[in-house]
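Data from my_file16.txt: compact mmCIF, C-alpha atoms
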# COMPACT_ATOMS: atom_id res chain seq x y z
CA MET A 1 122.37 -27.63 -94.21
CA SER A 2 119.08 -28.65 -95.78
CA ASP A 3 118.01 -32.26 -96.14
CA PRO A 4 118.50 -33.99 -99.51
CA GLN A 5 115.53 -34.93 -101.65
CA PRO A 6 112.69 -36.55 -99.63
CA ASN A 7 113.54 -40.22 -99.10
CA PHE A 8 110.08 -41.43 -98.11
CA GLU A 9 107.31 -42.66 -100.37
CA PHE A 10 104.20 -40.61 -101.00
CA SER A 11 101.33 -42.04 -103.01
CA GLU A 12 99.55 -39.85 -105.53
CA VAL A 13 96.48 -42.09 -105.10
CA ALA A 14 94.55 -40.51 -102.25
CA GLU A 15 92.77 -43.72 -101.20
CA ARG A 16 96.12 -45.45 -100.67
CA ALA A 17 98.16 -42.56 -99.33
CA TRP A 18 99.64 -41.82 -95.96
CA THR A 19 100.26 -38.29 -94.75
CA LEU A 20 103.60 -36.52 -94.73
CA PRO A 21 105.90 -37.76 -91.94
CA ALA A 22 105.74 -36.04 -88.57
CA PHE A 23 109.27 -34.62 -88.87
CA THR A 24 108.20 -32.47 -91.84
CA TYR A 25 106.09 -30.48 -89.38
CA TRP A 26 108.86 -29.57 -86.95
CA LYS A 27 112.33 -30.28 -88.34
CA ARG A 28 114.27 -27.09 -89.02
CA SER A 29 116.13 -28.39 -92.07
CA TRP A 30 112.84 -29.41 -93.73
CA PHE A 31 111.36 -25.99 -93.02
CA ASP A 32 114.43 -24.33 -94.52
CA ARG A 33 113.89 -26.35 -97.69
CA GLU A 34 110.23 -25.31 -97.76
CA ARG A 35 111.35 -21.71 -97.53
CA SER A 36 113.55 -22.21 -100.58
CA GLU A 37 111.42 -24.57 -102.64
CA ILE A 38 107.93 -23.31 -101.79
CA PHE A 39 107.75 -19.82 -100.32
CA LEU A 40 110.46 -18.08 -102.32
CA SER A 41 108.70 -19.08 -105.54
CA SER A 42 104.98 -19.08 -104.66
CA TRP A 43 102.33 -16.38 -104.57
CA ARG A 44 101.45 -14.80 -101.20
CA CYS A 45 98.38 -12.62 -100.61
CA VAL A 46 99.43 -9.52 -98.67
CA GLY A 47 96.31 -7.33 -98.70
CA HIS A 48 93.81 -5.48 -100.85
CA VAL A 49 94.27 -2.52 -103.17
CA SER A 50 91.88 -0.50 -100.97
CA GLU A 51 94.44 -0.64 -98.16
CA ILE A 52 96.74 1.65 -100.20
CA PRO A 53 94.18 3.89 -101.93
CA GLU A 54 96.22 7.09 -102.44
CA PRO A 55 99.51 7.81 -104.24
CA GLY A 56 102.36 7.30 -101.80
CA ASP A 57 100.38 4.85 -99.66
CA TYR A 58 102.33 1.73 -98.77
CA LEU A 59 102.12 -1.50 -96.84
CA THR A 60 104.90 -3.77 -95.66
CA HIS A 61 105.00 -7.55 -95.36
CA THR A 62 107.48 -10.18 -94.23
CA LEU A 63 107.59 -13.54 -96.02
CA ILE A 64 109.30 -15.72 -93.40
CA ASP A 65 112.53 -13.67 -93.27
CA GLN A 66 112.14 -11.55 -96.40
CA PRO A 67 110.98 -7.94 -95.79
CA LEU A 68 108.86 -6.58 -98.65
CA LEU A 69 107.00 -3.38 -99.45
CA VAL A 70 104.09 -2.47 -101.71
CA VAL A 71 103.48 1.12 -102.78
CA ARG A 72 101.04 3.02 -104.99
CA ASP A 73 102.92 5.48 -107.23
CA ARG A 74 101.87 8.85 -108.62
CA GLN A 75 100.51 7.20 -111.76
CA ASN A 76 98.24 5.07 -109.54
CA GLU A 77 100.19 1.88 -110.30
CA ILE A 78 100.94 -0.57 -107.51
CA LYS A 79 104.55 -1.74 -107.28
CA ALA A 80 106.48 -4.01 -104.97
CA PHE A 81 110.12 -4.09 -103.86
CA HIS A 82 112.36 -5.76 -101.34
CA ASN A 83 112.10 -3.54 -98.26
CA VAL A 84 115.82 -3.13 -97.67
CA CYS A 85 118.26 -0.33 -98.43
CA LYS A 86 121.04 -1.24 -100.84
CA HIS A 87 123.58 0.60 -98.68
CA ARG A 88 123.71 -1.26 -95.35
CA ALA A 89 120.49 -3.33 -95.41
CA HIS A 90 118.41 -1.23 -93.02
CA LEU A 91 114.67 -1.66 -93.51
CA LEU A 92 113.39 1.19 -95.64
CA LEU A 93 109.88 1.25 -94.16
CA THR A 94 109.28 0.03 -90.64
CA GLU A 95 105.56 0.66 -90.17
CA GLU A 96 102.90 -1.81 -91.30
CA ARG A 97 101.12 0.87 -93.34
CA GLY A 98 101.49 4.55 -94.06
CA ASN A 99 102.01 7.27 -96.66
CA LEU A 100 105.40 8.42 -97.90
CA GLY A 101 104.31 12.04 -98.03
CA LYS A 102 106.46 12.48 -101.12
CA SER A 103 107.64 10.50 -104.11
CA LEU A 104 110.69 9.05 -102.39
CA ILE A 105 111.33 6.03 -100.20
CA THR A 106 113.97 7.26 -97.76
CA CYS A 107 116.03 4.99 -95.54
CA PRO A 108 115.98 6.21 -91.91
CA TYR A 109 119.58 5.04 -91.33
CA HIS A 110 121.68 7.09 -93.77
CA ALA A 111 118.95 8.86 -95.79
CA TRP A 112 119.51 7.08 -99.05
CA ALA A 113 116.38 7.78 -101.08
CA TYR A 114 114.72 5.86 -103.92
CA ASP A 115 111.96 6.89 -106.29
CA LEU A 116 108.84 4.81 -106.76
CA ASN A 117 110.47 2.95 -109.64
CA GLY A 118 113.17 1.81 -107.22
CA ALA A 119 115.96 3.99 -108.65
CA LEU A 120 118.42 5.56 -106.21
CA ARG A 121 117.92 9.35 -106.26
CA ALA A 122 119.92 10.53 -103.26
CA ALA A 123 122.86 9.29 -101.20
CA PRO A 124 124.29 12.03 -98.97
CA ASN A 125 127.90 12.92 -99.80
CA CYS A 126 128.05 10.41 -102.64
CA GLU A 127 129.67 13.09 -104.83
CA LEU A 128 132.76 12.78 -102.62
CA VAL A 129 133.10 9.05 -103.24
CA ARG A 130 135.28 8.06 -106.18
CA GLY A 131 133.42 6.05 -108.83
CA PHE A 132 130.06 6.25 -107.10
CA ALA A 133 127.21 6.21 -109.65
CA LYS A 134 123.62 6.43 -108.44
CA ASN A 135 122.44 5.01 -111.75
CA ASP A 136 124.09 1.70 -110.86
CA ILE A 137 121.94 1.18 -107.77
CA SER A 138 118.24 0.41 -107.49
CA LEU A 139 115.83 -1.58 -105.36
CA ASP A 140 115.08 -5.12 -106.42
CA THR A 141 111.54 -5.49 -107.68
CA VAL A 142 109.08 -8.16 -106.56
CA LYS A 143 106.59 -9.71 -108.95
CA ILE A 144 103.09 -8.48 -108.24
CA GLU A 145 99.61 -9.45 -109.39
CA THR A 146 96.13 -8.34 -108.35
CA ILE A 147 93.19 -10.73 -108.44
CA MET A 148 89.70 -9.59 -107.42
CA GLY A 149 91.44 -6.56 -105.94
CA PHE A 150 93.73 -8.64 -103.73
CA ILE A 151 97.49 -8.12 -103.94
CA PHE A 152 99.74 -11.14 -104.46
CA LEU A 153 103.55 -11.10 -104.40
CA ASN A 154 106.08 -13.62 -105.68
CA LEU A 155 109.83 -13.42 -105.05
CA ASP A 156 110.55 -15.47 -108.16
CA ILE A 157 110.62 -12.88 -110.92
CA GLU A 158 110.21 -15.71 -113.47
CA ALA A 159 107.16 -17.22 -111.75
CA ALA A 160 104.17 -18.16 -113.87
CA PRO A 161 101.23 -15.77 -113.48
CA LEU A 162 98.78 -16.77 -110.78
CA GLY A 163 95.59 -15.60 -112.51
CA PRO A 164 95.42 -18.30 -115.19
CA GLN A 165 96.14 -21.00 -112.62
CA ILE A 166 93.07 -20.21 -110.51
CA SER A 167 90.79 -18.48 -113.04
CA ALA A 168 88.06 -21.13 -112.87
CA GLY A 169 87.85 -20.80 -109.10
CA VAL A 170 87.90 -17.02 -109.30
CA ASP A 171 85.00 -17.01 -111.77
CA ARG A 172 83.08 -19.35 -109.52
CA PHE A 173 83.74 -17.21 -106.44
CA ARG A 174 82.84 -13.98 -108.25
CA ALA A 175 79.39 -15.40 -108.98
CA HIS A 176 78.59 -14.67 -105.32
CA PHE A 177 80.02 -11.15 -105.24
CA SER A 178 80.19 -8.07 -107.42
CA ASP A 179 82.92 -5.48 -107.63
CA LEU A 180 85.35 -7.09 -105.20
CA GLU A 181 88.03 -4.71 -106.48
CA ASN A 182 86.25 -1.90 -104.61
CA TYR A 183 85.73 -3.76 -101.34
CA ARG A 184 87.41 -2.39 -98.24
CA LEU A 185 88.86 -3.90 -95.08
CA ALA A 186 86.24 -3.99 -92.33
CA SER A 187 87.65 -6.31 -89.66
CA SER A 188 90.75 -8.38 -88.96
CA THR A 189 91.52 -11.11 -86.44
CA THR A 190 94.97 -12.63 -85.99
CA PHE A 191 96.26 -15.62 -84.09
CA ASP A 192 99.88 -16.61 -83.57
CA ILE A 193 99.60 -20.40 -83.60
CA LYS A 194 102.20 -22.68 -82.03
CA GLY A 195 102.06 -25.02 -84.98
CA ASN A 196 103.51 -25.65 -88.42
CA TRP A 197 101.87 -23.93 -91.39
CA LYS A 198 100.97 -27.30 -92.96
CA ASN A 199 99.22 -28.29 -89.76
CA VAL A 200 97.01 -25.19 -90.16
CA GLY A 201 96.44 -26.03 -93.84
CA ASP A 202 95.53 -29.63 -93.03
CA ASN A 203 92.91 -28.45 -90.57
CA LEU A 204 91.48 -25.92 -93.03
CA LEU A 205 91.09 -28.43 -95.83
CA GLU A 206 88.98 -31.14 -94.23
CA CYS A 207 85.72 -31.35 -92.34
CA TYR A 208 86.21 -34.84 -90.92
CA HIS A 209 86.88 -33.04 -87.63
CA CYS A 210 83.84 -30.77 -87.85
CA HIS A 211 81.29 -32.97 -86.08
CA PRO A 212 83.41 -33.66 -83.00
CA ALA A 213 85.17 -30.29 -82.81
CA HIS A 214 82.87 -27.60 -84.35
CA LYS A 215 79.36 -28.11 -83.00
CA ALA A 216 78.14 -24.69 -84.12
CA PHE A 217 79.65 -25.09 -87.58
CA VAL A 218 77.85 -28.34 -88.33
CA ASP A 219 74.69 -26.68 -87.07
CA LEU A 220 75.38 -23.84 -89.52
CA VAL A 221 76.31 -25.97 -92.56
CA ASP A 222 74.28 -28.97 -93.66
CA MET A 223 76.96 -31.65 -93.98
CA ASP A 224 74.76 -33.67 -96.33
CA THR A 225 75.31 -30.89 -98.91
CA TYR A 226 79.02 -30.42 -98.22
CA ILE A 227 81.36 -30.90 -101.19
CA VAL A 228 85.16 -30.94 -101.44
CA GLU A 229 86.74 -30.56 -104.89
CA THR A 230 90.42 -30.38 -105.87
CA THR A 231 92.18 -29.31 -109.04
CA GLY A 232 95.54 -27.79 -110.01
CA THR A 233 96.75 -25.35 -107.38
CA TRP A 234 93.39 -24.72 -105.73
CA SER A 235 90.49 -26.52 -104.08
CA TRP A 236 86.88 -25.79 -103.19
CA GLN A 237 84.80 -26.67 -100.15
CA GLY A 238 81.27 -25.68 -99.33
CA GLY A 239 77.74 -26.54 -98.40
CA THR A 240 74.31 -25.04 -97.87
CA THR A 241 73.74 -23.29 -94.57
CA ARG A 242 70.69 -23.33 -92.31
CA PRO A 243 69.08 -20.00 -91.36
CA GLN A 244 68.34 -21.29 -87.86
CA ASN A 245 71.63 -22.36 -86.27
CA SER A 246 73.81 -21.76 -83.23
CA ALA A 247 76.69 -20.01 -85.07
CA TYR A 248 74.99 -16.86 -86.37
CA ARG A 249 71.58 -15.89 -87.71
CA ILE A 250 71.00 -16.02 -91.49
CA PRO A 251 67.94 -14.27 -93.01
CA ASP A 252 65.02 -16.43 -94.07
CA GLY A 253 63.95 -16.62 -97.70
CA LEU A 254 67.40 -16.93 -99.30
CA SER A 255 67.99 -19.37 -102.17
CA ASP A 256 70.34 -22.34 -101.83
CA GLN A 257 73.01 -20.42 -103.76
CA GLN A 258 72.63 -17.42 -101.46
CA ARG A 259 73.03 -19.73 -98.46
CA GLU A 260 76.21 -21.39 -99.75
CA PHE A 261 79.24 -21.42 -97.45
CA ILE A 262 82.52 -21.47 -99.42
CA THR A 263 86.21 -22.00 -98.78
CA PHE A 264 88.20 -21.37 -101.96
CA TYR A 265 91.77 -22.45 -101.13
CA VAL A 266 94.73 -21.16 -103.16
CA TRP A 267 98.18 -22.75 -102.85
CA PRO A 268 100.13 -22.49 -100.68
CA ASP A 269 98.69 -20.62 -97.69
CA MET A 270 95.45 -18.74 -98.22
CA ALA A 271 91.75 -19.05 -98.88
CA PHE A 272 88.85 -16.82 -99.87
CA VAL A 273 85.89 -17.50 -97.58
CA ARG A 274 82.18 -16.77 -97.89
CA PHE A 275 79.92 -16.85 -94.85
CA PRO A 276 76.42 -16.32 -96.33
CA GLY A 277 73.82 -13.80 -95.24
CA SER A 278 76.03 -10.74 -95.67
CA ASP A 279 77.74 -9.12 -98.67
CA ALA A 280 81.05 -9.26 -96.77
CA MET A 281 83.73 -11.83 -97.61
CA ALA A 282 86.89 -12.96 -95.87
CA VAL A 283 90.49 -13.81 -96.65
CA PHE A 284 92.25 -16.43 -94.53
CA VAL A 285 96.07 -16.42 -94.69
CA PHE A 286 98.28 -18.76 -92.65
CA GLU A 287 101.81 -17.40 -92.86
CA ALA A 288 104.76 -19.65 -92.03
CA VAL A 289 107.04 -17.90 -89.55
CA ALA A 290 109.13 -20.75 -88.12
CA PRO A 291 108.91 -24.56 -88.10
CA GLU A 292 106.40 -24.45 -85.25
CA LEU A 293 104.94 -20.96 -85.51
CA THR A 294 102.26 -19.73 -87.92
CA HIS A 295 100.74 -16.26 -88.14
CA GLN A 296 97.06 -16.68 -89.05
CA ARG A 297 95.07 -13.70 -90.30
CA PHE A 298 91.32 -13.66 -90.94
CA ALA A 299 90.39 -10.38 -92.64
CA ILE A 300 86.83 -9.44 -93.58
CA TYR A 301 86.11 -7.06 -96.46
CA SER A 302 82.85 -5.35 -97.37
CA PRO A 303 81.65 -2.88 -100.02
CA ASP A 304 82.00 0.15 -97.72
CA GLY A 305 84.45 -1.08 -95.10
CA THR A 306 81.80 -1.56 -92.44
CA LEU A 307 79.96 -4.64 -91.22
CA ASP A 308 76.22 -5.06 -91.01
CA ASP A 309 74.76 -7.04 -88.11
CA ILE A 310 75.27 -10.36 -89.87
CA GLY A 311 78.81 -9.50 -90.94
CA GLN A 312 79.65 -8.53 -87.37
CA SER A 313 78.15 -11.81 -86.18
CA VAL A 314 80.45 -13.66 -88.59
CA ALA A 315 83.47 -11.74 -87.29
CA ASN A 316 82.48 -12.53 -83.70
CA TYR A 317 81.86 -16.20 -84.50
CA PHE A 318 85.30 -16.61 -86.06
CA SER A 319 87.25 -14.62 -83.45
CA GLU A 320 85.44 -16.03 -80.41
CA VAL A 321 84.37 -19.57 -81.42
CA LEU A 322 85.60 -21.13 -84.69
CA GLY A 323 89.07 -19.58 -84.68
CA PRO A 324 89.94 -20.52 -81.07
CA GLU A 325 88.55 -24.03 -81.62
CA ASP A 326 90.89 -24.53 -84.59
CA VAL A 327 93.88 -22.98 -82.81
CA SER A 328 93.46 -25.47 -79.97
CA LEU A 329 93.17 -28.39 -82.41
CA VAL A 330 96.27 -27.38 -84.37
CA GLU A 331 98.40 -26.74 -81.30
CA ASN A 332 97.47 -30.09 -79.77
CA VAL A 333 98.28 -31.87 -83.05
CA GLN A 334 101.63 -30.07 -83.11
CA LYS A 335 102.48 -31.45 -79.68
CA GLY A 336 101.47 -34.93 -80.80
CA LEU A 337 103.68 -34.76 -83.88
CA HIS A 338 106.72 -34.98 -81.58
CA SER A 339 105.56 -38.29 -80.11
CA LEU A 340 107.87 -41.25 -80.63
CA SER A 341 104.71 -43.32 -81.22
CA TYR A 342 103.63 -41.37 -84.33
CA ASP A 343 105.13 -41.12 -87.79
CA ARG A 344 102.39 -40.92 -90.43
CA GLY A 345 98.61 -41.19 -90.56
CA ARG A 346 96.30 -42.79 -93.09
CA PHE A 347 94.14 -40.41 -95.13
CA MET A 348 90.43 -40.99 -94.65
CA VAL A 349 89.28 -40.95 -98.30
CA ASP A 350 86.21 -42.73 -99.63
CA ALA A 351 85.21 -43.44 -103.22
CA ASP A 352 82.29 -41.01 -103.08
CA ARG A 353 84.46 -38.18 -101.74
CA SER A 354 81.93 -37.63 -98.96
CA TYR A 355 81.96 -34.55 -96.74
CA PHE A 356 84.36 -36.26 -94.31
CA SER A 357 86.87 -37.28 -97.00
CA GLU A 358 90.39 -35.90 -96.59
CA HIS A 359 91.26 -35.83 -100.29
CA ALA A 360 91.81 -32.04 -100.20
CA VAL A 361 94.47 -32.57 -97.53
CA HIS A 362 96.05 -35.21 -99.77
CA HIS A 363 95.93 -32.70 -102.64
CA PHE A 364 97.69 -30.18 -100.38
CA HIS A 365 100.38 -32.71 -99.42
CA SER A 366 100.82 -33.59 -103.09
CA LEU A 367 101.55 -29.94 -103.87
CA VAL A 368 104.08 -29.84 -101.04
CA MET A 369 105.81 -32.90 -102.47
CA GLN A 370 105.80 -31.55 -106.04
CA HIS A 371 107.80 -28.57 -104.84
CA MET A 372 110.08 -30.43 -102.42
CA ARG A 373 111.08 -33.00 -105.04
CA ARG A 374 112.25 -30.41 -107.57

What does this structure look like when you write it as structure tokens?
Amino acid sequence: MSDPQPNFEFSEVAERAWTLPAFTYWKRSWFDRERSEIFLSSWRCVGHVSEIPEPGDYLTHTLIDQPLLVVRDRQNEIKAFHNVCKHRAHLLLTEERGNLGKSLITCPYHAWAYDLNGALRAAPNCELVRGFAKNDISLDTVKIETIMGFIFLNLDIEAAPLGPQISAGVDRFRAHFSDLENYRLASSTTFDIKGNWKNVGDNLLECYHCHPAHKAFVDLVDMDTYIVETTGTWSWQGGTTRPQNSAYRIPDGLSDQQREFITFYVWPDMAFVRFPGSDAMAVFVFEAVAPELTHQRFAIYSPDGTLDDIGQSVANYFSEVLGPEDVSLVENVQKGLHSLSYDRGRFMVDADRSYFSEHAVHHFHSLVMQHMRR
């Protein structure tokens, strides 16, 4: 059974606040509540429209324990359903991506078949079953929204649209890119992290650890220019990069705006990322799987689905340097969260909201608490 309402204090004033208690990062009952109160009613980025370009193309996704599917229909509309047959609960589609080859989603168990509106069209021998009416059976739909070409799903059919919530950040991010709707997947790196999803989010949302833990990153980004801003259900981090650095080479002659590194975080578990010097961009998603397991995906998209030399350097830097550094940090924090000597930590937040300030982590924890107190 899930825990009752949180019985610990959490200050909404960042300068005075302490982090969430350690048990919220590993206790099963707390994670089960997060599943109910956060993930079953929040927006999750599952891919880009270019990954299902043709009618009948589909992709599948699992949100903790909920199997979902996204399909492009014959009218070129993208739709989403729960990926489970209404007969005996077999998964309808078992591959990560593919094409239906026809306008039916057919269960491999007993061959029940649904059209791309979710209506049941075939159930072998159903005419022999008294009172069986195909019209009474259909797949349950999942709320879907596309933003900058990226596909978001929400299991709460009454959920407020995501677009208006993050529109200011989207406009700001678009200023660095054109035509993101037509970008294509160029590269993808995944890590299965032995850590809680909030632990990954905490690490993403502060650069207090950058100097001691990411030597190449602080050589890449001038920390004196680094800003961290929070608002609503999103936050923004970034700074001006140096062409000469030990992470990857950036062309000379670019303006400060062209050299801006950006992390545009969107609640609860993803961020749009810009590594300057290339027209590619990245999506960072940290998917909760279990209390102490997170599936982290770093996918890079470009206008033609290929990476230039700089884009490839970015992919290499993340997969070989920055990503492994962060995985090690998160996994070692996760071990420490079980210590009997640790309960909560003090946020490092200064009045000037300097580059090291952890106010974006506090913002993240505040969003967790808003949902868990409902």

Grab all the atoms of region 329-337 of chain A that the file lists, wrap them in a box along x, y and z, add 8 Å per side, and give me centre plus edge lengths in Å (one decimal) as lines of an AutoDock Vina configuration file.
center_x = 98.4
center_y = -30.8
center_z = -82.0
size_x = 26.5
size_y = 24.2
size_z = 20.7

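Nearest to Tyr58 (chain A) of all the residues A:His176, A:Lys27, A:Arg72, A:His295 is A:Arg72, based on all atoms listed in the file.
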
Practice task
Scan for residues within 9 Å of the point (100.3, -28.8, -112.0) in the coordinates of the file, using all atoms listed in the file, and reply as JSON, numbers by chain.
Solution key: {"A": [165, 231, 232, 233, 367, 370]}

Handout entry: Neighbour list for Met369 (chain A) as a ChimeraX atom specification, cut-off 10 Å, only C-alpha atoms, skip fewer than 3 positions in-chain
Key = /A:5-6,10,12,20,34,38,363-366,372-374

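Proximity to Gly239 (chain A) was assessed for A:Tyr355, A:Arg172, A:Ser41, A:Asp304 counting only C-alpha atoms; the smallest distance is recorded for A:Tyr355.
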
Practice task
Excluding Asn135 (chain A) and any residue of its chain fewer than 2 positions from it, enumerate the residues within 8 Å of it, using all atoms listed in the file, and give them as a count of residues only.
Solution key: 5

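Residue nearest Glu9 (chain A) within the list A:Ile250, A:Ile151, A:Gly311, A:Arg344: A:Arg344 [criterion: smallest interatomic distance, only C-alpha atoms].
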
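For the choices A:Phe173, A:Trp267, A:Phe39, A:Phe261, the atom-to-atom distance to Val218 (chain A) is smallest for A:Phe261 when using all atoms listed in the file.
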
Exercise for the section: Determine, counting all atoms listed in the file, which protein, DNA and RNA residues have an atom within 12 Å of an atom of Leu116 (chain A); residues of the same chain fewer than 5 positions away are not included. Present the result as a list in words. Expected result: Pro55, Gly56, Asp57, Tyr58, Leu69, Val70, Val71, Arg72, Asp73, Arg74, Gln75, Asn76, Glu77, Ile78, Lys79, Ala80, Phe81, Leu100, Lys102, Ser103, Leu104, Ile105, Thr106, Arg121, Ser138, Leu139, Asp140 and Thr141 of chain A

Practice task
For Asp192 (chain A), work out the shell of residues within 12 Å, counting all atoms listed in the file and skipping chain neighbours fewer than 3 positions away, then give it as a ChimeraX atom specification.
Solution key: /A:189,195-197,200,285-290,292-298,323-324,327-328,330-331

Keeping only C-alpha atoms, write those residues as a PDB file, in the coordinates of the input.
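File produced: again_3.pdb:
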ATOM      1  CA  THR A 189      91.520 -11.110 -86.440  1.00  0.00           C
ATOM      2  CA  GLY A 195     102.060 -25.020 -84.980  1.00  0.00           C
ATOM      3  CA  ASN A 196     103.510 -25.650 -88.420  1.00  0.00           C
ATOM      4  CA  TRP A 197     101.870 -23.930 -91.390  1.00  0.00           C
ATOM      5  CA  VAL A 200      97.010 -25.190 -90.160  1.00  0.00           C
ATOM      6  CA  VAL A 285      96.070 -16.420 -94.690  1.00  0.00           C
ATOM      7  CA  PHE A 286      98.280 -18.760 -92.650  1.00  0.00           C
ATOM      8  CA  GLU A 287     101.810 -17.400 -92.860  1.00  0.00           C
ATOM      9  CA  ALA A 288     104.760 -19.650 -92.030  1.00  0.00           C
ATOM     10  CA  VAL A 289     107.040 -17.900 -89.550  1.00  0.00           C
ATOM     11  CA  ALA A 290     109.130 -20.750 -88.120  1.00  0.00           C
ATOM     12  CA  GLU A 292     106.400 -24.450 -85.250  1.00  0.00           C
ATOM     13  CA  LEU A 293     104.940 -20.960 -85.510  1.00  0.00           C
ATOM     14  CA  THR A 294     102.260 -19.730 -87.920  1.00  0.00           C
ATOM     15  CA  HIS A 295     100.740 -16.260 -88.140  1.00  0.00           C
ATOM     16  CA  GLN A 296      97.060 -16.680 -89.050  1.00  0.00           C
ATOM     17  CA  ARG A 297      95.070 -13.700 -90.300  1.00  0.00           C
ATOM     18  CA  PHE A 298      91.320 -13.660 -90.940  1.00  0.00           C
ATOM     19  CA  GLY A 323      89.070 -19.580 -84.680  1.00  0.00           C
ATOM     20  CA  PRO A 324      89.940 -20.520 -81.070  1.00  0.00           C
ATOM     21  CA  VAL A 327      93.880 -22.980 -82.810  1.00  0.00           C
ATOM     22  CA  SER A 328      93.460 -25.470 -79.970  1.00  0.00           C
ATOM     23  CA  VAL A 330      96.270 -27.380 -84.370  1.00  0.00           C
ATOM     24  CA  GLU A 331      98.400 -26.740 -81.300  1.00  0.00           C
TER      25      GLU A 331
END

Protein and nucleic acid residues near (112.7, 2.7, -97.9) (cut-off 9 Å, all atoms listed in the file) as a PDB file with C-alpha atoms, in the coordinates of the input:
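Writing the result to result_23.pdb gives the following:
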ATOM      1  CA  LEU A  69     107.000  -3.380 -99.450  1.00  0.00           C
ATOM      2  CA  ASN A  83     112.100  -3.540 -98.260  1.00  0.00           C
ATOM      3  CA  VAL A  84     115.820  -3.130 -97.670  1.00  0.00           C
ATOM      4  CA  CYS A  85     118.260  -0.330 -98.430  1.00  0.00           C
ATOM      5  CA  HIS A  90     118.410  -1.230 -93.020  1.00  0.00           C
ATOM      6  CA  LEU A  91     114.670  -1.660 -93.510  1.00  0.00           C
ATOM      7  CA  LEU A  92     113.390   1.190 -95.640  1.00  0.00           C
ATOM      8  CA  LEU A  93     109.880   1.250 -94.160  1.00  0.00           C
ATOM      9  CA  THR A  94     109.280   0.030 -90.640  1.00  0.00           C
ATOM     10  CA  LEU A 104     110.690   9.050-102.390  1.00  0.00           C
ATOM     11  CA  ILE A 105     111.330   6.030-100.200  1.00  0.00           C
ATOM     12  CA  THR A 106     113.970   7.260 -97.760  1.00  0.00           C
ATOM     13  CA  CYS A 107     116.030   4.990 -95.540  1.00  0.00           C
ATOM     14  CA  PRO A 108     115.980   6.210 -91.910  1.00  0.00           C
ATOM     15  CA  TRP A 112     119.510   7.080 -99.050  1.00  0.00           C
ATOM     16  CA  ALA A 113     116.380   7.780-101.080  1.00  0.00           C
ATOM     17  CA  TYR A 114     114.720   5.860-103.920  1.00  0.00           C
TER      18      TYR A 114
END

Practice task
Determine, counting all atoms listed in the file, which protein, DNA and RNA residues have an atom within 12 Å of an atom of Pro161 (chain A); residues of the same chain fewer than 2 positions away are not included. Present the result as a PyMOL selection string.
Solution key: chain A and resi 41-43+143-147+152-154+156-159+163-167

Please fill the gaps in region 244-256 of chain A so it has N, CA and C atoms, and write that as a JSON list (two decimals), keeping the file's coordinate frame.
[["chain", "number", "residue", "atom", "x", "y", "z"],
["A", 244, "GLN", "N", 68.41, -21.11, -89.31],
["A", 244, "GLN", "CA", 68.34, -21.29, -87.86],
["A", 244, "GLN", "C", 69.50, -22.17, -87.42],
["A", 245, "ASN", "N", 70.45, -21.60, -86.72],
["A", 245, "ASN", "CA", 71.63, -22.36, -86.27],
["A", 245, "ASN", "C", 72.23, -21.67, -85.07],
["A", 246, "SER", "N", 73.22, -22.31, -84.45],
["A", 246, "SER", "CA", 73.81, -21.76, -83.23],
["A", 246, "SER", "C", 75.09, -20.97, -83.48],
["A", 247, "ALA", "N", 75.48, -20.79, -84.77],
["A", 247, "ALA", "CA", 76.69, -20.01, -85.07],
["A", 247, "ALA", "C", 76.34, -18.52, -85.23],
["A", 248, "TYR", "N", 75.48, -18.22, -86.19],
["A", 248, "TYR", "CA", 74.99, -16.86, -86.37],
["A", 248, "TYR", "C", 73.71, -16.91, -87.20],
["A", 249, "ARG", "N", 72.90, -15.90, -87.08],
["A", 249, "ARG", "CA", 71.58, -15.89, -87.71],
["A", 249, "ARG", "C", 71.68, -15.50, -89.18],
["A", 250, "ILE", "N", 71.07, -16.30, -90.06],
["A", 250, "ILE", "CA", 71.00, -16.02, -91.49],
["A", 250, "ILE", "C", 69.56, -15.66, -91.84],
["A", 251, "PRO", "N", 69.32, -14.65, -92.67],
["A", 251, "PRO", "CA", 67.94, -14.27, -93.01],
["A", 251, "PRO", "C", 67.17, -15.41, -93.66],
["A", 252, "ASP", "N", 65.89, -15.47, -93.40],
["A", 252, "ASP", "CA", 65.02, -16.43, -94.07],
["A", 252, "ASP", "C", 64.79, -16.00, -95.52],
["A", 253, "GLY", "N", 64.36, -16.94, -96.33],
["A", 253, "GLY", "CA", 63.95, -16.62, -97.70],
["A", 253, "GLY", "C", 65.06, -16.58, -98.72],
["A", 254, "LEU", "N", 66.31, -16.93, -98.34],
["A", 254, "LEU", "CA", 67.40, -16.93, -99.30],
["A", 254, "LEU", "C", 67.40, -18.24, -100.09],
["A", 255, "SER", "N", 67.88, -18.17, -101.34],
["A", 255, "SER", "CA", 67.99, -19.37, -102.17],
["A", 255, "SER", "C", 69.15, -20.23, -101.68],
["A", 256, "ASP", "N", 69.23, -21.47, -102.20],
["A", 256, "ASP", "CA", 70.34, -22.34, -101.83],
["A", 256, "ASP", "C", 71.68, -21.71, -102.20]]
